[in-house]
Structure formats: structure tokens, C-alpha cells
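Have a look at model.cif below; it lists mmCIF, C-alpha atoms.
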data_my_file
loop_
_atom_site.label_atom_id
_atom_site.label_comp_id
_atom_site.auth_asym_id
_atom_site.auth_seq_id
_atom_site.Cartn_x
_atom_site.Cartn_y
_atom_site.Cartn_z
CA MET P 185 -169.74 -18.04 26.08
CA SER P 186 -171.86 -15.87 23.82
CA ASN P 187 -171.78 -15.54 20.05
CA LEU P 188 -172.68 -12.02 19.00
CA SER P 189 -172.47 -12.80 15.30
CA SER P 190 -174.76 -9.95 14.22
CA PHE P 191 -172.63 -7.33 15.98
CA ASN P 192 -169.45 -5.63 14.89
CA ASP P 193 -166.18 -7.56 15.15
CA ALA P 194 -164.10 -6.49 18.16
CA ALA P 195 -167.24 -5.38 19.96
CA ASN P 196 -167.07 -2.89 22.83
CA VAL P 197 -169.75 -3.95 25.33
CA VAL P 198 -171.00 -2.67 28.69
CA VAL P 199 -172.66 -4.58 31.54
CA VAL P 200 -174.27 -2.43 34.22
CA GLY P 201 -174.80 -4.23 37.52
CA ALA P 202 -171.84 -6.45 36.75
CA THR P 203 -171.54 -7.96 40.24
CA GLY P 204 -175.17 -9.10 40.46
CA GLY P 205 -176.43 -12.58 39.63
CA ILE P 206 -177.37 -11.96 36.00
CA GLY P 207 -174.78 -9.22 35.49
CA SER P 208 -171.83 -11.36 36.55
CA ALA P 209 -173.04 -14.20 34.32
CA LEU P 210 -173.28 -11.79 31.39
CA VAL P 211 -169.70 -10.65 32.02
CA GLU P 212 -168.46 -14.25 32.03
CA ALA P 213 -170.36 -15.10 28.84
CA LEU P 214 -169.11 -12.02 27.02
CA LEU P 215 -165.51 -12.62 28.05
CA GLY P 216 -165.87 -16.06 26.49
CA ASP P 217 -166.80 -14.58 23.11
CA PRO P 218 -163.70 -13.97 20.92
CA ARG P 219 -165.64 -11.32 18.97
CA VAL P 220 -165.84 -9.13 22.08
CA ALA P 221 -162.78 -6.91 22.43
CA SER P 222 -163.75 -5.04 25.60
CA VAL P 223 -166.15 -5.82 28.45
CA ASN P 224 -166.83 -2.74 30.55
CA ALA P 225 -168.16 -3.94 33.91
CA LEU P 226 -170.02 -1.22 35.83
CA SER P 227 -171.21 -1.66 39.39
CA ARG P 228 -171.30 0.10 42.74
CA ASN P 229 -168.26 -1.94 43.76
CA ALA P 230 -165.78 -2.91 41.07
CA PRO P 231 -165.79 -6.63 40.19
CA THR P 232 -162.91 -8.66 41.56
CA ILE P 233 -162.49 -10.77 38.41
CA VAL P 234 -159.30 -10.09 36.44
CA HIS P 235 -159.14 -10.48 32.67
CA ASP P 236 -157.16 -8.70 29.97
CA ARG P 237 -160.37 -7.68 28.15
CA LEU P 238 -162.27 -6.67 31.30
CA HIS P 239 -162.42 -3.02 32.33
CA ALA P 240 -164.04 -2.64 35.75
CA CYS P 241 -165.54 0.65 36.85
CA ALA P 242 -167.15 1.57 40.17
CA VAL P 243 -170.13 3.88 39.61
CA ASP P 244 -172.30 5.82 42.03
CA PHE P 245 -175.67 5.35 40.32
CA ALA P 246 -177.22 7.98 42.60
CA ASP P 247 -174.91 10.58 41.01
CA GLU P 248 -175.60 11.42 37.36
CA ALA P 249 -172.11 12.87 37.00
CA SER P 250 -170.68 9.46 37.92
CA ILE P 251 -172.86 7.80 35.27
CA ALA P 252 -171.76 10.36 32.67
CA ALA P 253 -168.10 9.82 33.51
CA ALA P 254 -168.50 6.05 33.19
CA ALA P 255 -170.14 6.42 29.78
CA GLU P 256 -167.31 8.64 28.59
CA ALA P 257 -164.70 6.16 29.86
CA CYS P 258 -166.38 3.25 28.07
CA ALA P 259 -166.54 5.24 24.84
CA GLN P 260 -162.80 5.85 24.97
CA ARG P 261 -162.43 2.23 23.83
CA GLY P 262 -164.43 2.94 20.69
CA PRO P 263 -168.09 3.11 19.69
CA ILE P 264 -170.23 1.07 22.05
CA ASP P 265 -171.91 -1.95 20.48
CA LEU P 266 -173.97 -3.29 23.39
CA VAL P 267 -175.15 -2.07 26.78
CA VAL P 268 -177.07 -4.39 29.10
CA VAL P 269 -178.49 -2.86 32.28
CA ALA P 270 -178.90 -5.63 34.85
CA THR P 271 -179.59 -3.56 37.95
CA GLY P 272 -182.85 -3.67 39.90
CA ILE P 273 -184.64 -4.01 43.22
CA LEU P 274 -187.62 -6.06 44.37
CA HIS P 275 -186.99 -6.25 48.10
CA ARG P 276 -184.54 -4.84 50.63
CA GLU P 277 -184.60 -5.23 54.38
CA PRO P 278 -186.06 -3.50 56.24
CA ASP P 279 -187.69 -0.88 54.04
CA VAL P 280 -188.68 -2.42 50.68
CA GLN P 281 -190.97 -5.41 50.23
CA PRO P 282 -193.36 -6.26 47.36
CA GLU P 283 -196.87 -5.22 48.36
CA LYS P 284 -199.46 -7.96 48.91
CA ARG P 285 -202.39 -5.52 49.24
CA ILE P 286 -203.21 -1.85 48.67
CA ALA P 287 -202.74 -1.06 52.37
CA ASP P 288 -199.06 -2.04 52.08
CA VAL P 289 -198.18 0.84 49.74
CA SER P 290 -195.49 3.13 51.14
CA ALA P 291 -194.52 6.39 49.43
CA ALA P 292 -190.90 6.04 50.46
CA ALA P 293 -190.57 2.42 49.34
CA MET P 294 -192.38 3.02 46.06
CA SER P 295 -190.19 6.03 45.28
CA GLU P 296 -187.06 3.98 45.94
CA VAL P 297 -188.19 1.13 43.67
CA LEU P 298 -189.04 3.56 40.87
CA ARG P 299 -185.70 5.36 41.33
CA ILE P 300 -183.68 2.16 41.02
CA ASN P 301 -185.75 0.31 38.41
CA THR P 302 -186.78 3.20 36.17
CA VAL P 303 -184.92 6.44 36.78
CA ILE P 304 -181.41 4.99 36.89
CA PRO P 305 -181.82 3.01 33.62
CA ALA P 306 -183.25 6.18 32.01
CA LEU P 307 -180.18 8.15 33.08
CA LEU P 308 -177.90 5.39 31.84
CA ALA P 309 -179.67 5.52 28.49
CA LYS P 310 -179.35 9.32 28.42
CA HIS P 311 -175.57 9.06 28.57
CA PHE P 312 -174.93 5.81 26.68
CA LEU P 313 -177.33 6.08 23.73
CA PRO P 314 -175.41 8.92 22.02
CA ARG P 315 -172.25 6.81 22.25
CA LEU P 316 -173.63 3.71 20.53
CA ARG P 317 -172.13 2.66 17.23
CA ARG P 318 -173.65 4.41 14.19
CA ASP P 319 -172.10 2.34 11.38
CA GLY P 320 -173.57 -1.02 12.41
CA LYS P 321 -175.88 -2.78 14.80
CA SER P 322 -175.87 -1.57 18.39
CA VAL P 323 -178.19 -2.30 21.31
CA PHE P 324 -179.16 -0.74 24.62
CA ALA P 325 -181.07 -3.35 26.64
CA ALA P 326 -182.46 -3.20 30.17
CA ILE P 327 -183.69 -6.09 32.29
CA SER P 328 -187.44 -5.72 32.86
CA ALA P 329 -189.92 -8.37 34.07
CA ARG P 330 -193.07 -9.99 32.75
CA VAL P 331 -194.95 -8.69 35.80
CA GLY P 332 -194.39 -5.22 34.33
CA SER P 333 -196.75 -6.07 31.47
CA ILE P 334 -200.02 -4.22 32.02
CA GLY P 335 -201.89 -6.51 29.63
CA ASP P 336 -200.58 -9.63 31.38
CA ASN P 337 -201.45 -8.50 34.93
CA ARG P 338 -204.19 -10.79 36.24
CA LEU P 339 -203.05 -11.33 39.83
CA GLY P 340 -202.47 -7.83 41.20
CA GLY P 341 -200.03 -7.15 44.05
CA TRP P 342 -196.40 -6.04 43.80
CA VAL P 343 -197.59 -2.62 42.67
CA SER P 344 -194.26 -0.78 43.05
CA TYR P 345 -192.25 -3.40 41.20
CA ARG P 346 -194.90 -3.80 38.49
CA ALA P 347 -195.20 -0.03 38.03
CA SER P 348 -191.43 0.46 37.89
CA LYS P 349 -191.01 -2.17 35.19
CA ALA P 350 -194.01 -0.94 33.20
CA ALA P 351 -192.46 2.54 33.33
CA LEU P 352 -189.10 1.11 32.25
CA ASN P 353 -190.77 -0.47 29.22
CA MET P 354 -192.28 2.91 28.33
CA VAL P 355 -188.92 4.63 28.74
CA ALA P 356 -187.34 2.14 26.34
CA ARG P 357 -190.15 2.47 23.81
CA THR P 358 -189.97 6.27 23.92
CA PHE P 359 -186.18 6.41 23.66
CA ALA P 360 -186.25 3.90 20.78
CA ILE P 361 -188.28 6.32 18.67
CA GLU P 362 -185.82 9.17 19.14
CA GLN P 363 -182.74 6.94 18.86
CA ALA P 364 -183.85 5.70 15.43
CA ARG P 365 -183.54 9.22 14.04
CA SER P 366 -179.81 9.50 14.77
CA HIS P 367 -178.82 5.81 14.93
CA PRO P 368 -181.03 3.91 12.44
CA ALA P 369 -179.19 0.60 13.03
CA SER P 370 -179.55 0.90 16.81
CA LEU P 371 -182.06 -0.81 19.10
CA VAL P 372 -183.46 0.02 22.53
CA VAL P 373 -185.25 -2.93 24.13
CA THR P 374 -186.27 -4.46 27.46
CA LEU P 375 -185.85 -8.10 28.42
CA HIS P 376 -187.64 -10.57 30.70
CA PRO P 377 -185.07 -13.08 31.99
CA GLY P 378 -187.51 -15.51 33.57
CA THR P 379 -187.25 -16.42 37.23
CA THR P 380 -183.52 -16.60 37.85
CA ASP P 381 -181.79 -18.10 40.87
CA THR P 382 -180.43 -14.85 42.31
CA ALA P 383 -180.72 -12.89 45.53
CA LEU P 384 -183.59 -10.86 43.99
CA SER P 385 -185.82 -13.91 43.57
CA LYS P 386 -184.58 -15.97 46.52
CA PRO P 387 -187.50 -15.25 48.91
CA PHE P 388 -190.06 -16.03 46.20
CA GLN P 389 -188.75 -19.26 44.69
CA ARG P 390 -190.90 -21.71 46.67
CA ASN P 391 -193.79 -21.68 44.20
CA VAL P 392 -191.74 -21.64 41.01
CA PRO P 393 -192.72 -24.64 38.82
CA ASP P 394 -190.17 -27.36 38.19
CA GLY P 395 -187.82 -26.42 35.40
CA LYS P 396 -188.73 -22.73 35.56
CA LEU P 397 -186.03 -21.56 37.96
CA PHE P 398 -183.11 -20.72 35.70
CA THR P 399 -179.41 -20.48 36.51
CA PRO P 400 -177.71 -17.13 35.79
CA PRO P 401 -175.39 -18.64 33.13
CA PHE P 402 -178.40 -20.11 31.29
CA VAL P 403 -180.19 -16.76 31.39
CA ALA P 404 -177.12 -14.84 30.23
CA GLU P 405 -176.68 -17.11 27.22
CA ARG P 406 -180.35 -16.95 26.29
CA LEU P 407 -180.60 -13.17 26.63
CA LEU P 408 -177.49 -12.59 24.55
CA GLY P 409 -178.90 -14.96 21.96
CA VAL P 410 -182.14 -12.98 21.87
CA LEU P 411 -180.22 -9.73 21.39
CA ASP P 412 -178.12 -11.26 18.64
CA GLY P 413 -181.27 -12.20 16.74
CA LEU P 414 -182.98 -8.80 16.89
CA SER P 415 -182.99 -6.26 14.08
CA PRO P 416 -183.69 -2.50 14.09
CA GLU P 417 -187.37 -3.20 13.36
CA ASP P 418 -187.56 -4.74 16.85
CA SER P 419 -186.43 -1.58 18.61
CA GLY P 420 -188.77 -0.51 21.39
CA GLY P 421 -189.90 -4.08 22.01
CA PHE P 422 -190.15 -6.14 25.18
CA PHE P 423 -188.78 -9.68 24.79
CA ALA P 424 -188.66 -12.80 26.95
CA TRP P 425 -185.61 -15.03 27.44
CA ASP P 426 -186.93 -17.39 24.74
CA GLY P 427 -187.23 -14.62 22.15
CA SER P 428 -190.99 -14.25 22.32
CA ARG P 429 -192.44 -10.73 22.36
CA ILE P 430 -194.33 -9.66 25.49
CA GLU P 431 -197.23 -7.21 25.35
CA TYR P 432 -196.82 -3.94 27.21
#
Would you mind giving the structure from this file in C-alpha cells?
Amino acid sequence: MSNLSSFNDAANVVVVGATGGIGSALVEALLGDPRVASVNALSRNAPTIVHDRLHACAVDFADEASIAAAAEACAQRGPIDLVVVATGILHREPDVQPEKRIADVSAAAMSEVLRINTVIPALLAKHFLPRLRRDGKSVFAAISARVGSIGDNRLGGWVSYRASKAALNMVARTFAIEQARSHPASLVVTLHPGTTDTALSKPFQRNVPDGKLFTPPFVAERLLGVLDGLSPEDSGGFFAWDGSRIEY
């Protein structure tokens, strides 16, 4: 379970990508928190889990009107206290694979990675940020990745994924500045979950050091703990699962 002690009582929360590895673990953790009144679970296919505080919603993320309708439906349950976007792509057979060298770059694959990892979270923010709570702490958070840090890039490769996450960090930083003007207690942040044992990381787990491949429930608890500890001064930041700040 989570413990969102710094958020409003009877919190109205949203998990986007609720059927994925991290997303489903976030849903379970939030349902275990008695301070959470509503968990809105958004995904391409509605989750099969049944719970009296769970509100499942199938969303076509390629259709902005579907995103807008989902945001409106979530807001019908009251001001939104927390949104976590846990969608993303690193590989997909047969058309998307992380590049090992410059010659591997494909316009179509790169466009698809940027669409899923950057454009869709930006559109989600467009429709959810105005609906965040104004009279207390609220957070819009998107899952990024340490490999999206420009300053931390010393290995090269994976250019589409790196670029999409670096762009996502910039989107969050830019939106945080504007959001502070209308919602001064609100935060917009990105999060690095660490290497998590999900379908996204499965082909790349062989070289992960011992103790550094995390379970989704562990990651969900740690990320929610990080979000609980942030204050409005942290808005626009990029944070790891252990709470440390990552350079852009």
C-alpha cells in the first residue's frame, strides 16, 4: 500500500497505463491506501481488477478527444490530486528496437517512440493539468528514464528512447512553469523508476547488476513515497526512485 500523507484526504488519483507492469502495481498500491477515495485506471484495454474504489476507463491514446473525455470523467469525482503516467515504449516487434549505432536510425521508428513517450504524455498533461486540485498539493508525474539525462549520457546508443525521454523531461519542466501560475501548490515532475522487471526491460535484463532489477510493487511504493515527499519547490524536477534528483 501507499501512504500519501502530504495529499488531500479522500484523494482522487489517476494512473495512466494501468495494465502495464508499473501501472498495475501503482493501482494496487493506491487501492491499499485508505486515504485514496478513487483510483481512475486508464489504459487501452480496461483493467480486469474489480474494486469499489476503482474506476476503469479504456482510452484511445492516439485520439486526443478520447484523452479529453477521460480527463473530464476523472474530474467528475472531484479535483484530481495525483496523475501518474506510466505508459512508454522501448521496443516492439518487428518495427521498434533501441538503436545500437547511428546506421540503425529509422524515421518511422523514431517518430513512433517520440509519439508514445513524449507527445502522448504532453497531451495528457494538456487535459489533466487544469483539473488538478487548487486548494492543496497536487501532482502530475510521468515515468521517464535516467538514459534520458543529457548530462548523464556517456555510452551513446538508444537514440530514439533517449531523445524521447529527454524531450519528456523538457515538457514537464516547461509545463511546471506555467502550471505554477494558476496552481501554486501543484507539481509537474518526471520519475526514473530504475530497471524494473517488466516487459519493457525484459530483453535487456541480462547485464543488470545483482540487486538492481526491481519488482513492480517495490518500484510503485518507492515512487509514491518520492511523490509524497516533494513540495511545490520541486516542480519541474526529474527524480529517481530513491528520491535523488537527476540532472537533465
I'd like the neighbourhood of Leu407 (chain P) as a PDB file with C-alpha atoms, in the frame of the given file, where a residue qualifies if any of its atoms comes within 8 Å (using all atoms listed in the file), though same-chain residues fewer than 3 positions away should be ignored.
ATOM      1  CA  LEU P 375    -185.850  -8.100  28.420  1.00  0.00           C
ATOM      2  CA  PRO P 377    -185.070 -13.080  31.990  1.00  0.00           C
ATOM      3  CA  VAL P 403    -180.190 -16.760  31.390  1.00  0.00           C
ATOM      4  CA  ALA P 404    -177.120 -14.840  30.230  1.00  0.00           C
ATOM      5  CA  VAL P 410    -182.140 -12.980  21.870  1.00  0.00           C
ATOM      6  CA  LEU P 411    -180.220  -9.730  21.390  1.00  0.00           C
ATOM      7  CA  TRP P 425    -185.610 -15.030  27.440  1.00  0.00           C
ATOM      8  CA  ASP P 426    -186.930 -17.390  24.740  1.00  0.00           C
TER       9      ASP P 426
END
Which of these, P:Ala356, P:Cys241, P:Ala347, P:Leu274, has the shortest distance to Val199 (chain P) once you count all atoms listed in the file?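 Closest to Val199 (chain P), using all atoms listed in the file: P:Cys241.
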Return as a PyMOL selection string the set of residues that the PyMOL selection byres ((chain P and resi 312-329) around 6) yields on the displayed structure. chain P and resi 191+255+263-270+308-311+330-332+349+367+369-376
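Take CA of Leu238 (chain P) and CA of Ala257 (chain P): the distance between them is 13.1 Å.
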Could you work out how far CA of Asn353 (chain P) lies from CA of Phe245 (chain P), giving the answer in Å with one decimal?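 Rounded to one decimal, the two atoms are 19.6 Å apart.
Taking CA of Val303 (chain P) and CA of Glu362 (chain P) as the two end points, the separation is 17.9 Å.
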Running the PyMOL selection byres ((chain P and resi 224-233) around 12) on this model by hand, what would come out? Give it as a VMD selection string. chain P and resid 195 to 204 207 to 212 214 to 215 220 to 223 234 to 247 250 to 251 253 to 262 264 to 272 308
Can you write out the residues you just picked, keeping C-alpha atoms, as an mmCIF file, in the frame of the given file?
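Generated file (part_25.cif):
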data_model
loop_
_atom_site.group_PDB
_atom_site.id
_atom_site.type_symbol
_atom_site.label_atom_id
_atom_site.label_comp_id
_atom_site.auth_asym_id
_atom_site.auth_seq_id
_atom_site.Cartn_x
_atom_site.Cartn_y
_atom_site.Cartn_z
ATOM 1 C CA ALA P 195 -167.240 -5.380 19.960
ATOM 2 C CA ASN P 196 -167.070 -2.890 22.830
ATOM 3 C CA VAL P 197 -169.750 -3.950 25.330
ATOM 4 C CA VAL P 198 -171.000 -2.670 28.690
ATOM 5 C CA VAL P 199 -172.660 -4.580 31.540
ATOM 6 C CA VAL P 200 -174.270 -2.430 34.220
ATOM 7 C CA GLY P 201 -174.800 -4.230 37.520
ATOM 8 C CA ALA P 202 -171.840 -6.450 36.750
ATOM 9 C CA THR P 203 -171.540 -7.960 40.240
ATOM 10 C CA GLY P 204 -175.170 -9.100 40.460
ATOM 11 C CA GLY P 207 -174.780 -9.220 35.490
ATOM 12 C CA SER P 208 -171.830 -11.360 36.550
ATOM 13 C CA ALA P 209 -173.040 -14.200 34.320
ATOM 14 C CA LEU P 210 -173.280 -11.790 31.390
ATOM 15 C CA VAL P 211 -169.700 -10.650 32.020
ATOM 16 C CA GLU P 212 -168.460 -14.250 32.030
ATOM 17 C CA LEU P 214 -169.110 -12.020 27.020
ATOM 18 C CA LEU P 215 -165.510 -12.620 28.050
ATOM 19 C CA VAL P 220 -165.840 -9.130 22.080
ATOM 20 C CA ALA P 221 -162.780 -6.910 22.430
ATOM 21 C CA SER P 222 -163.750 -5.040 25.600
ATOM 22 C CA VAL P 223 -166.150 -5.820 28.450
ATOM 23 C CA VAL P 234 -159.300 -10.090 36.440
ATOM 24 C CA HIS P 235 -159.140 -10.480 32.670
ATOM 25 C CA ASP P 236 -157.160 -8.700 29.970
ATOM 26 C CA ARG P 237 -160.370 -7.680 28.150
ATOM 27 C CA LEU P 238 -162.270 -6.670 31.300
ATOM 28 C CA HIS P 239 -162.420 -3.020 32.330
ATOM 29 C CA ALA P 240 -164.040 -2.640 35.750
ATOM 30 C CA CYS P 241 -165.540 0.650 36.850
ATOM 31 C CA ALA P 242 -167.150 1.570 40.170
ATOM 32 C CA VAL P 243 -170.130 3.880 39.610
ATOM 33 C CA ASP P 244 -172.300 5.820 42.030
ATOM 34 C CA PHE P 245 -175.670 5.350 40.320
ATOM 35 C CA ALA P 246 -177.220 7.980 42.600
ATOM 36 C CA ASP P 247 -174.910 10.580 41.010
ATOM 37 C CA SER P 250 -170.680 9.460 37.920
ATOM 38 C CA ILE P 251 -172.860 7.800 35.270
ATOM 39 C CA ALA P 253 -168.100 9.820 33.510
ATOM 40 C CA ALA P 254 -168.500 6.050 33.190
ATOM 41 C CA ALA P 255 -170.140 6.420 29.780
ATOM 42 C CA GLU P 256 -167.310 8.640 28.590
ATOM 43 C CA ALA P 257 -164.700 6.160 29.860
ATOM 44 C CA CYS P 258 -166.380 3.250 28.070
ATOM 45 C CA ALA P 259 -166.540 5.240 24.840
ATOM 46 C CA GLN P 260 -162.800 5.850 24.970
ATOM 47 C CA ARG P 261 -162.430 2.230 23.830
ATOM 48 C CA GLY P 262 -164.430 2.940 20.690
ATOM 49 C CA ILE P 264 -170.230 1.070 22.050
ATOM 50 C CA ASP P 265 -171.910 -1.950 20.480
ATOM 51 C CA LEU P 266 -173.970 -3.290 23.390
ATOM 52 C CA VAL P 267 -175.150 -2.070 26.780
ATOM 53 C CA VAL P 268 -177.070 -4.390 29.100
ATOM 54 C CA VAL P 269 -178.490 -2.860 32.280
ATOM 55 C CA ALA P 270 -178.900 -5.630 34.850
ATOM 56 C CA THR P 271 -179.590 -3.560 37.950
ATOM 57 C CA GLY P 272 -182.850 -3.670 39.900
ATOM 58 C CA LEU P 308 -177.900 5.390 31.840
#
Using all atoms listed in the file, can you tell me which of P:Ser295, P:Gln281, P:Ser419, P:Gln363 comes closest to Leu384 (chain P)?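 Once distances to Leu384 (chain P) are computed over all atoms listed in the file, the minimum belongs to P:Gln281.
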Would you mind telling me which residue in P:Ser333, P:Ser366, P:Thr358, P:Ser190 lies nearest to Glu431 (chain P) when using all atoms listed in the file?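 Closest residue, counting all atoms listed in the file: P:Ser333.
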Applying 10 Å and all atoms listed in the file, which residues near Val280 (chain P) remain after dropping the ones on its own chain fewer than 5 positions away? List them as a ChimeraX atom specification. /P:273-275,290,292-294,296-297,344
Those same residues, written as a PDB file, in the frame of the given file with C-alpha atoms?
ATOM      1  CA  ILE P 273    -184.640  -4.010  43.220  1.00  0.00           C
ATOM      2  CA  LEU P 274    -187.620  -6.060  44.370  1.00  0.00           C
ATOM      3  CA  HIS P 275    -186.990  -6.250  48.100  1.00  0.00           C
ATOM      4  CA  SER P 290    -195.490   3.130  51.140  1.00  0.00           C
ATOM      5  CA  ALA P 292    -190.900   6.040  50.460  1.00  0.00           C
ATOM      6  CA  ALA P 293    -190.570   2.420  49.340  1.00  0.00           C
ATOM      7  CA  MET P 294    -192.380   3.020  46.060  1.00  0.00           C
ATOM      8  CA  GLU P 296    -187.060   3.980  45.940  1.00  0.00           C
ATOM      9  CA  VAL P 297    -188.190   1.130  43.670  1.00  0.00           C
ATOM     10  CA  SER P 344    -194.260  -0.780  43.050  1.00  0.00           C
TER      11      SER P 344
END
Check the smallest atom-to-atom distance from each of P:Ile361, P:Leu397, P:Leu352, P:Ile430 to Asn301 (chain P) using all atoms listed in the file, then report the winner.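 Result for the nearest residue to Asn301 (chain P): P:Leu352.
With all atoms listed in the file as the atoms that count, the residue of P:Val343, P:Asp193, P:Glu248, P:Pro305 with the shortest distance to Ala287 (chain P) is P:Val343.
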Closest to Asn187 (chain P) among P:Gly205, P:Tyr345, P:Arg406, P:Glu417, using only C-alpha atoms? P:Arg406
